[in-house]
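Peer 1: Below is a structure I'd like to ask you about.
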Amino acid sequence: MLIISCPWCGERPEIEFVYGGEAHIARPADPSALSDQEWADFLYNRTNPKGTHAERWRHIHGCGRFFNAVRDTVSDFFVATYKPGEPRPDLSQDDAK
Amino acid sequence: MSGSFRTPSGGRIDRAAPLAFRFDGTTYGGYAGDTLASALLANGVHLLGRSFKYHRPRGLLSAGSDEPNALVEVKRDAARVTPNLRATQVELYEGLDAASQNRWPSLARDAGAVNDLFAPFLPAGFYYKTFMWPAGAWKRFYEPKIRAMAGLGKAPTLPDPDRYTQNYAHCDVLVIGAGPAGIAAALAAAATSARVILVDEQAELGGSLLAAPDATVDTKPATEWLADALAELTAAGVVLMPRTTAFGYFPHNMIALAERVTDHLAAPGPDLPRERLWQVRAGEVVLATGALERPLVFPENDRPGILLADSARIYLTRYGVKPGERAVIFTAGDSGYRTALDLAAGGVAIAAIADLRAAPEGEWPARALAAGIDVRPSTVVTGTSGRLRVNGVHLAKVKNGKAGLNEPVACDTVLMSGGWTPSVHLFSQSRGKLAWDETLGAYLPGQSVERERSAGACRGRYGLAAALADGYHAGEEAAAAALKGAKSPTRSTVASRAFGVVATETGTDGFIGATPHGRNPAFAKAFVDWQNDVTAKDITLATREGFRSIEHVKRYTTTGMATDQGKTSNMNALGIVSEALGTSVPKIGLTTFRPPFTPTTFGIFAGIARGDLFDPVRVTPIHGWAEARGAVFEPVSLWKRALYFPNRGEDMHAAVARECKAVRTGVGIFDASTLGKIEVVGADAAEFMNRIYTNAWTKLAPGRLRYGVMLREDGFVMDDGVVGRLAPDRFHVTTTTGGAARVLAHMEDYLQTEWPDLDVWLTSTTEQWAVIAVQGPKSREVLASLVEGIDLSKGAMPNMSVAEGRIAGVPTRLFRLSFAGELGFEVNVPAAHGRAVWEAIFKAGEPFGITPYGTETMHVLRAEKGYIIVGQETDGTAGPDDVNLGWAVGKNKKDFVGKRSLNRAAFFMPDRKQLVGLLTRDPKVVLEEGAQLVADPGAAVPVPMLGHVTSAYMSATLGRSIALAMVKGGRSRIGRTLHVPMPKGAIAVGVVDPVFYDAEGARLDV
Amino acid sequence: MSDLLFPLTALAATASDLPAARLSALPPATRLVFRGRESAVGPAGIAFGAELPRQACRFKRSGDRLAAWLGPDEWLLIAEDADPAALIAEIEPAVFGLPHALVDVSSRSLGIALEGPRAAYVLNQGCPLDLSEAAFPVGMVTRTVFGKAEIVLLRETPERFRLDVWRSFAPYVWGLLEEARRELA
Amino acid sequence: MQTFSGFNLLRRALGGHKGWQPQWRTPEPKAEYDVIIVGAGGHGLACAYYLAKEHGISNVAVIERGWLGGGNTGRNTTIVRSNYLFDESAALYEHAVKLWEGLSADLNYNVMYSARGVLMLAHNHHDVQSFKRHVHSNRLNGVDNEWLSAEECKAFCPPLNISSMRYPILGGALQRRGGTARHDAVAWGFARAADSRGVDIIQNCEVTGIRRGPSGAVEGVETSKGFIGAKKIGVSAAGHTSVVMAMAGVRMPLESFPLQALVSEPVKPAFPTVVMSNTIHAYISQSDKGEMVIGAGTDAYTSYSQRGALHITTHTLDAICELVPQFRRLRMLRNWGGIVDVTPDRSPIIAKTPVPGLYVNCGWGTGGFKATPGSGHVFAHTIARDEPHPINAPFTIERFRDGFLIDEAAAAAVAH
């Protein structure tokens, strides 16, 4: 059970959260302007990286808020968590722990 | 009741507390403080089990959790039977009843032992090479035979009546292992303000301190020092947990502990759990898990009476039990000497010490020689004899790596020591990197990943003095790291502490692999994995067959896959592979250590999640009434819903027909409280609804209801429900019962992450409102006498409207709508008053023959009207148009969730499945839900299928069966005949419009 | 007569009396969920009679009014003896025109109190949080999980916790608490 | 290839089993191959085998980062069945089951395919409808699957608890031809058979790049053993597909999740079949060695850590203990995790890609083992002919763009 740092509530156990998939995939402002392929990219294609991954979590059994996190998908250690709307933090040095 | 091998004094058993126990039906005596293993040994019982494959007779190998042989069944009563327990860990209690396993008819005369004769034909992986002919024989003949032979104990056959509980715990420092390193670490951490937990798998804390008769710490005998240290820890508030195995190291310093609470008690109280699962979140972990003595791999090293040397010493010093009268020691280091000397002092004759080393030096060999023991350097055991107990060995000198002439030596026990293997299991589970230490010939903890540190023998710091010093240092560091950033320590300041230790250390010599024996290697049975009967030649065969990775060797030979998880076998297997391939051990690598450290009861994972506590049983406020009325319930997600309300003697069919008739002709009452409800409030509420639903909401007037459809972003129908607009900025949304949580999460997701600028907020009100559906032509009359401030007339309250007021004295949001297609209302009242209002309505309805009905009737009534149920007509692959909901899609809306996806090729295919009605030729035949539809029932397999029946009922209203179906190009097939092929023949059906009753909606317009 | 505490009533009547962790069902109360933007929060608190805490996971009590932070824009307001409609009528005018939502959830949940020296131990059989006073002090509140249910957990005194549980989950939570308490007998 | 048979086993036993040769070679990579398969799991090895056997393409290398069969092939719960709902899925998995039935003989390797039945339990009305839909659809597709009442479930699998539980069992769908197979043997059997037909299996060789020429077509792979040329590349890398495909610049509709499984200590035969329950999320069978083999769904978040959370295991085992309450006293022996890649519709992709010469076989989620021979067979066809076999034609990448999803999971969605 991971420990996840909710930007509002602090460190909490994983079972209070739900995972929300890859972060920073904004819904297009005008979906009708997109080609089928562009829409499929938005809807389905994912980076799925082996390494640091920006992803969404929701503290559903806590404050209820969605937020973003950067996690190393190999070690499962979080590098950072941050509020929605904030940019993905620059993590030039990788000290995931 | 002392057994014949019990020493007259000594040990930590309570000789004032004799106990009687049974093994394979024979009654023996032991003492409190014994394990089943020590007590049997004291009675001279060495034969304790049979091996997995060859059914060879086996005795104890060890004294701890690494025991591969002595697995027994312990039975408290018919339902409390536990297989595969290690006799070395079973604590004796009065009346303990144990039995050996994997033998028939008896342990001494086991028919399965015939396998041993066929052993030459059963090498590693033999089953992959045969049993393939004739076809089908594997399933019919070979596999059942193999399965019956395999397996050790028998699975229990009755449900386990014992309780298991689970606890979460948090601490600053968790110390795993209460040997000298762990005790010292706990002492160091306890000297700070840190919250400390110290756990050990054994019944008594102390580890090697419990078997160190000659050692002193701070001038006190080891056991006395231990008692003082434990008292100090207790006084400092350290949580001490004996009988607790740290079995799993999970991410982010979550350690799983299994605490055995009652297995050692003769009469456990009914309120105590048998075991507890502790999920401990530790700031820092100190691993003080010690080291395991390694067996030596030599021919016939598996006979009863052949033990690990230090285990034999533990039996003597802790339990006062001699492993035999005349011992041969086979050793690769000093440990064998220590055992020899302790045993000699305990009255055991030492026939010889065979030492693999050419020139054993140091204090231990010197002391052995001084004691007159026959010490033989460069000597190996090349074979043993004895049937159910070892009665002799052959010793031979080794020259240039080859064993010379054999010399027989009589003995009744052989004690072996291949050196020590640090217990790095938990470190490895934590994903720490292991590092090969050439000097020690061992893998040691290297780079850590989690916040942990190892101390003592588990990182190669052998010996009492080193373990204490290393442990204390680790404890100090752990506490400091855990408290960093916290308030400064409130108790004493951290200060290093030195321990004055007087003990003779046993060095670090050891051996990995198979010892030379000079016999034909193809036929000598030198066991590496005792339980799984893997021999050195099996491992070399695997390498010869191309299995070069250690994981391949493990899987092909099954070495290390027994219930001891390779504790005794892994390193020797590695050594043999290394020699066979001519590759160094570190280049071959290690198999992965996986949880659990030792086998862990299923029950503690399940905990108290059983029966009604397996999942919450959700009931509505009206549940009690339905129960009293004799309703039959069905599970719908977590809820229990009334399915129907049978009168005396009625089956479901009759009850549902009666209930349906009541709603169509009079009035029915239905508990719809499980419907999901969400209050959508804020200035931008309508805009939000526009984006989430396919429908347009801007023009919906307050006081009106509308049926809403919601899509997933991929265009498929996700949920539906009626929505009421209570005010310009307030919507009362309903969802399906099963969809409530999903819909709210879906809405929150879009609101929080895509449209945070909208001034709108969502609140779940599912459980705020009890919902009482009052349906039927007489529903208005029933409610009229109960409502205050609401005009129920058609003009004031047409279909699909909502009014606020009071009913039966309680505030209500009264919806006029019908899922049955009749004049009808849904009465929303605060849940606390749900039962009272229900009863009031029922009372008011009695003159009208009001009839309670359940979900089955609700389903029939809606099907007559062609109303879909999301999850029944739809299956996650239907778009709105497919289920005739195209009208609910706002054509002029620029965007809503899912809209773009509807514009993809698949949604324009002419053969999309569409909702239609079906009428069987024979009106009495009710189709089976899930049955398939075909055009040609005579077509060959695979028969092209056109769709399936989604709902099918006998309609009392229509006096015939009806069905709904999803059919390819369904709307264009209306008027045609299709077929439903059933195993007993095809049923012809006419495809019709899915609205069977009151298509024009006249009954709603009253 | 309404059974306002259904489905806890019967369970509460048969709860075993264990001073180490005493379990009781709390009387009905008015509960409102207040959600909104910053401008509405202060006025709402004044009108309610207890300040809406801005600090995460804290509650404030004033007389019989309790305001609990559940999320950055979400508070649970509990008033022991008030009519929901009347309370709403007191608050709404104070936040009229300000971005907010006020919803009556009085019936949505039931209150359970657990009190005694082993209360935290009992809760930790289903709740994964660190319930030491340092980590979960008096005055703290949070949504969390208890077994397979969600609860709102408040610490009122070092040894007294209040649980707010959705009505239909209450028998499950109660049953789990009773199982957890069994070993204290 | 040395013949494996009881006779040869006896014969070699007399010689102390010294005469056995390696089951596969340990070759160094050649400069170029006709086809390179990335990933020596069951699917990749099967593909190589069928390329050689059925398409005459034996200048093939299977490149494996670790050891062959070391990924999901060696980490799964070994269930084989084909009672899928949709025509497309049923055809694919039934193709596999037919191959399973003759696989030991075909490979001359006993993969212990054990058709002991797979029983899927229904706990609510929705399950009943859904499983009956499966049963009818399967029957018309020529796939065996039959409906059992709760009592018949109990009779078929006596250890089951059908009534005194939170979600009593209402019935079940039984595929008698379903069952289990010995997972490691499948990889080894295909490896040995492929090797004997000239396929090079190159272990401990990590693919670090995919080289594409000026036309965009593949030219070969960069590896830890240097560049290896290839006319065609088939990616069969299970959980790591996204990583490998990214080397060719292709973004995939995939997410990789941890999937855990566990076994109990071995006991005498006590569980005769495979039982699955989607409603309470658990499945169980007993291996020939006697271990109860138990699995469940994936963990919630994407990860390549090859381990999962304890709370997933506790939920799996509380479900098992509901179904078989007498197993509470059994003990877990081993718990492990694999990485499964999951597509948006939980059906696999076996297809050509936008990159010429690059083919992909992925997205099997939790169910890849059962498809092993069928998947390898049609993937080989796709690579050899540069066009899909009719069976895998629907399983394209483009189906997501165009909305032609094959959504078995949605079709079994949660009840109303």
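The chains in the structure tokens are called A, B, ... from first to last as shown; in each chain the residues are counted from 1, and the ligands are counted from 1 in the order shown.
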Report the closest atom pair, with its distance in Å rounded to one decimal, for each residue of chain B that has an atom no farther than 8 Å from chain A; count only C-alpha atoms, sort by chain and then rising residue number, and write it as a Markdown table.
Peer 2:
| residue | atom | partner | partner_atom | distance |
| --- | --- | --- | --- | --- |
| B:Phe250 | CA | A:Met1 | CA | 7.1 |
| B:Pro251 | CA | A:Leu2 | CA | 6.1 |
| B:His252 | CA | A:Leu2 | CA | 5.8 |
| B:Met254 | CA | A:Met1 | CA | 6.9 |
| B:Val449 | CA | A:Lys97 | CA | 7.9 |
| B:Glu450 | CA | A:Lys97 | CA | 7.9 |
| B:Glu713 | CA | A:Leu43 | CA | 7.6 |
| B:Asp714 | CA | A:Leu43 | CA | 7.2 |
| B:Asp749 | CA | A:Phe66 | CA | 7.4 |
| B:Gln752 | CA | A:Phe66 | CA | 6.8 |
| B:Thr753 | CA | A:Pro84 | CA | 6.7 |
| B:Glu754 | CA | A:Arg27 | CA | 6.8 |
| B:Asp895 | CA | A:Pro31 | CA | 7.5 |
| B:Arg900 | CA | A:Ser32 | CA | 5.9 |
| B:Ser901 | CA | A:Trp39 | CA | 7.9 |
| B:Arg904 | CA | A:Asp36 | CA | 6.8 |
Peer 1: Name the residues of segment 7-185 of chain C that come out as strand (DSSP E or B) in a backbone DSSP run; write them as an NGL selection string.
Peer 2: :C and (22-25 or 30-36 or 58-62 or 65-71 or 74-79 or 100-104 or 109-115 or 140-146 or 149-157 or 160-166)
Peer 1: Could you work out which residues of chain C fall inside 8 Å of chain B? Count only C-alpha atoms, and format the result as a VMD selection string.
Peer 2: chain C and resid 1 to 7 33 35 to 36 99 to 109 121 124 to 130 148 to 149 166 to 169 171 to 172 175 to 176 179 to 180 182 to 183 185
Peer 1: Could you list, as an MDAnalysis selection string, every residue within 9 Å of Glu864 of chain B, counting only C-alpha atoms and ignoring same-chain residues fewer than 6 positions away?
Peer 2: chainID B and resid 820:821 955 957:958 962:963 994:998
Peer 1: May I have the residues within 8 Å of Pro158 of chain C as a list in words, using only C-alpha atoms and disregarding those fewer than 4 positions away in the same chain?
Peer 2: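 Answer for this query is Glu133, Pro137 and Val138 of chain C.
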Peer 1: Please provide the set of residues having any atom within 8 Å of Thr73 of chain A, restricted to only C-alpha atoms, with same-chain residues fewer than 3 positions apart removed, written as a PyMOL selection string.
Peer 2: (chain A and resi 49-53+76-77) or (chain D and resi 302-305)
Peer 1: Export C-alpha atoms of the chosen residues as a PDB file, in the first residue's frame?
Peer 2:
ATOM      1  CA  PRO A  49       6.454   5.052 -19.585  1.00  0.00           C
ATOM      2  CA  LYS A  50       8.849   2.838 -17.704  1.00  0.00           C
ATOM      3  CA  GLY A  51      10.228   5.495 -15.394  1.00  0.00           C
ATOM      4  CA  THR A  52       8.816   8.812 -14.287  1.00  0.00           C
ATOM      5  CA  HIS A  53       5.165   9.208 -15.075  1.00  0.00           C
ATOM      6  CA  ASP A  76       6.694   3.092  -7.378  1.00  0.00           C
ATOM      7  CA  PHE A  77       8.220   5.957  -5.414  1.00  0.00           C
TER       8      PHE A  77
ATOM      9  CA  THR D 302       0.241   1.517 -13.858  1.00  0.00           C
ATOM     10  CA  SER D 303       3.558   0.087 -12.822  1.00  0.00           C
ATOM     11  CA  TYR D 304       6.532  -1.877 -14.018  1.00  0.00           C
ATOM     12  CA  SER D 305       7.560  -2.839 -10.491  1.00  0.00           C
TER      13      SER D 305
END
Peer 1: Would you mind listing what lies within 8 Å of segment 213-219 of chain D as an MDAnalysis selection string, with only C-alpha atoms counted and same-chain residues fewer than 2 positions away left out?
Peer 2: chainID D and resid 210:211 221 229:233 355:358
Peer 1: Need the shell around Leu287 of chain B: protein/DNA/RNA residues with any atom at most 6 Å away, counting only C-alpha atoms. Skip same-chain ones fewer than 2 positions apart. Format as a list in words?
Peer 2: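 Counting only C-alpha atoms, the residues come to Ile176, Thr289 and Ser454 of chain B.
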Peer 1: Looking at only C-alpha atoms, which of B:Gln775, B:Glu476, B:Glu545, B:Ile604 is the one that sits closest to Arg192 of chain D?
Peer 2: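 Checking each of B:Gln775, B:Glu476, B:Glu545, B:Ile604 against Arg192 of chain D, counting only C-alpha atoms, the winner is B:Glu545.
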Peer 1: What residues in chain C have any atom no more than 7 Å from chain A when counting only C-alpha atoms, and can you write them as number ranges by chain?
Peer 2: C: 56-57, 70-71, 128, 142-145, 150
Peer 1: When DSSP works through the backbone of this structure, what residues of segment 731-976 of chain B end up as alpha helix (DSSP H), shown as JSON, numbers by chain?
Peer 2: {"B": [740, 741, 742, 743, 744, 745, 746, 747, 748, 749, 779, 780, 781, 782, 783, 784, 834, 835, 836, 837, 838, 839, 840, 841, 842, 843, 844, 845, 855, 856, 857, 858, 859, 860, 861, 862, 863, 864]}
Peer 1: Once you have the residues from the selection above, write them out as a short mmCIF file (atom, residue, chain, number, x, y, z; two decimals), in the first residue's frame, restricted to N, CA, C and O atoms.
Peer 2:
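Output saved as again_37.cif:
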data_model
loop_
_atom_site.label_atom_id
_atom_site.label_comp_id
_atom_site.auth_asym_id
_atom_site.auth_seq_id
_atom_site.Cartn_x
_atom_site.Cartn_y
_atom_site.Cartn_z
N ALA B 740 -24.41 4.80 -9.19
CA ALA B 740 -24.39 6.03 -8.39
C ALA B 740 -22.97 6.56 -8.14
O ALA B 740 -22.66 7.72 -8.44
N ALA B 741 -22.12 5.69 -7.63
CA ALA B 741 -20.76 6.15 -7.29
C ALA B 741 -19.97 6.47 -8.55
O ALA B 741 -19.21 7.45 -8.61
N ARG B 742 -20.19 5.67 -9.58
CA ARG B 742 -19.45 5.84 -10.82
C ARG B 742 -19.82 7.17 -11.48
O ARG B 742 -18.97 7.91 -11.98
N VAL B 743 -21.09 7.48 -11.47
CA VAL B 743 -21.55 8.72 -12.10
C VAL B 743 -21.02 9.94 -11.35
O VAL B 743 -20.54 10.90 -11.95
N LEU B 744 -21.09 9.88 -10.03
CA LEU B 744 -20.59 11.02 -9.26
C LEU B 744 -19.09 11.21 -9.51
O LEU B 744 -18.61 12.34 -9.69
N ALA B 745 -18.35 10.12 -9.55
CA ALA B 745 -16.91 10.23 -9.80
C ALA B 745 -16.63 10.79 -11.20
O ALA B 745 -15.74 11.62 -11.38
N HIS B 746 -17.43 10.35 -12.15
CA HIS B 746 -17.31 10.83 -13.53
C HIS B 746 -17.57 12.34 -13.58
O HIS B 746 -16.82 13.11 -14.18
N MET B 747 -18.60 12.77 -12.90
CA MET B 747 -18.93 14.21 -12.88
C MET B 747 -17.83 15.01 -12.18
O MET B 747 -17.42 16.07 -12.66
N GLU B 748 -17.38 14.51 -11.04
CA GLU B 748 -16.34 15.22 -10.30
C GLU B 748 -15.07 15.34 -11.13
O GLU B 748 -14.38 16.35 -11.11
N ASP B 749 -14.77 14.29 -11.86
CA ASP B 749 -13.58 14.28 -12.70
C ASP B 749 -13.63 15.45 -13.69
O ASP B 749 -12.71 16.28 -13.76
N SER B 779 -52.96 6.30 -7.81
CA SER B 779 -51.88 6.83 -6.98
C SER B 779 -52.18 8.25 -6.51
O SER B 779 -51.87 8.63 -5.39
N ARG B 780 -52.80 9.03 -7.37
CA ARG B 780 -53.08 10.41 -6.98
C ARG B 780 -54.05 10.44 -5.80
O ARG B 780 -53.85 11.19 -4.85
N GLU B 781 -55.03 9.56 -5.87
CA GLU B 781 -56.02 9.53 -4.78
C GLU B 781 -55.36 9.11 -3.47
O GLU B 781 -55.69 9.64 -2.41
N VAL B 782 -54.43 8.18 -3.56
CA VAL B 782 -53.78 7.71 -2.34
C VAL B 782 -52.99 8.85 -1.70
O VAL B 782 -53.04 9.07 -0.49
N LEU B 783 -52.26 9.59 -2.53
CA LEU B 783 -51.38 10.62 -1.97
C LEU B 783 -52.15 11.89 -1.57
O LEU B 783 -51.68 12.65 -0.73
N ALA B 784 -53.31 12.08 -2.18
CA ALA B 784 -54.02 13.34 -1.99
C ALA B 784 -54.24 13.64 -0.52
O ALA B 784 -54.09 14.79 -0.08
N GLY B 834 -38.27 7.72 6.08
CA GLY B 834 -38.71 6.89 4.95
C GLY B 834 -39.70 5.83 5.37
O GLY B 834 -40.76 5.65 4.74
N ARG B 835 -39.39 5.12 6.41
CA ARG B 835 -40.26 4.04 6.84
C ARG B 835 -41.61 4.58 7.28
O ARG B 835 -42.67 4.02 6.94
N ALA B 836 -41.58 5.68 8.02
CA ALA B 836 -42.85 6.24 8.54
C ALA B 836 -43.73 6.70 7.39
O ALA B 836 -44.94 6.47 7.39
N VAL B 837 -43.12 7.36 6.40
CA VAL B 837 -43.91 7.86 5.28
C VAL B 837 -44.44 6.69 4.46
O VAL B 837 -45.59 6.68 4.02
N TRP B 838 -43.56 5.70 4.26
CA TRP B 838 -44.02 4.49 3.54
C TRP B 838 -45.26 3.89 4.22
O TRP B 838 -46.25 3.57 3.58
N GLU B 839 -45.18 3.79 5.53
CA GLU B 839 -46.29 3.19 6.26
C GLU B 839 -47.54 4.06 6.17
O GLU B 839 -48.66 3.55 6.04
N ALA B 840 -47.33 5.36 6.20
CA ALA B 840 -48.48 6.27 6.08
C ALA B 840 -49.13 6.12 4.71
O ALA B 840 -50.36 6.08 4.59
N ILE B 841 -48.29 6.05 3.68
CA ILE B 841 -48.85 5.90 2.33
C ILE B 841 -49.55 4.55 2.21
O ILE B 841 -50.64 4.44 1.64
N PHE B 842 -48.94 3.54 2.78
CA PHE B 842 -49.54 2.22 2.67
C PHE B 842 -50.91 2.19 3.34
O PHE B 842 -51.87 1.64 2.82
N LYS B 843 -50.94 2.85 4.49
CA LYS B 843 -52.21 2.90 5.23
C LYS B 843 -53.26 3.64 4.41
O LYS B 843 -54.40 3.19 4.27
N ALA B 844 -52.82 4.78 3.86
CA ALA B 844 -53.76 5.57 3.06
C ALA B 844 -54.18 4.81 1.80
O ALA B 844 -55.25 5.04 1.25
N GLY B 845 -53.32 3.92 1.35
CA GLY B 845 -53.60 3.19 0.11
C GLY B 845 -54.43 1.94 0.32
O GLY B 845 -54.95 1.37 -0.65
N THR B 855 -38.57 -5.42 -7.50
CA THR B 855 -37.82 -5.06 -8.70
C THR B 855 -38.25 -5.87 -9.91
O THR B 855 -38.19 -5.39 -11.03
N GLU B 856 -38.72 -7.11 -9.70
CA GLU B 856 -39.10 -7.91 -10.85
C GLU B 856 -40.32 -7.29 -11.54
O GLU B 856 -40.35 -7.16 -12.76
N THR B 857 -41.29 -6.91 -10.74
CA THR B 857 -42.48 -6.26 -11.32
C THR B 857 -42.09 -4.93 -11.97
O THR B 857 -42.56 -4.61 -13.07
N MET B 858 -41.23 -4.19 -11.31
CA MET B 858 -40.76 -2.94 -11.90
C MET B 858 -40.15 -3.21 -13.28
O MET B 858 -40.41 -2.47 -14.24
N HIS B 859 -39.40 -4.29 -13.38
CA HIS B 859 -38.77 -4.63 -14.66
C HIS B 859 -39.81 -4.99 -15.72
O HIS B 859 -39.70 -4.60 -16.88
N VAL B 860 -40.81 -5.75 -15.33
CA VAL B 860 -41.82 -6.15 -16.29
C VAL B 860 -42.57 -4.93 -16.80
O VAL B 860 -42.77 -4.75 -18.01
N LEU B 861 -42.96 -4.08 -15.88
CA LEU B 861 -43.77 -2.91 -16.24
C LEU B 861 -43.01 -1.99 -17.19
O LEU B 861 -43.55 -1.49 -18.17
N ARG B 862 -41.74 -1.79 -16.90
CA ARG B 862 -40.98 -0.89 -17.78
C ARG B 862 -40.75 -1.54 -19.14
O ARG B 862 -40.69 -0.86 -20.16
N ALA B 863 -40.59 -2.87 -19.14
CA ALA B 863 -40.38 -3.55 -20.42
C ALA B 863 -41.62 -3.45 -21.29
O ALA B 863 -41.53 -3.32 -22.51
N GLU B 864 -42.78 -3.51 -20.66
CA GLU B 864 -44.02 -3.36 -21.43
C GLU B 864 -44.04 -2.00 -22.14
O GLU B 864 -44.63 -1.85 -23.20
#
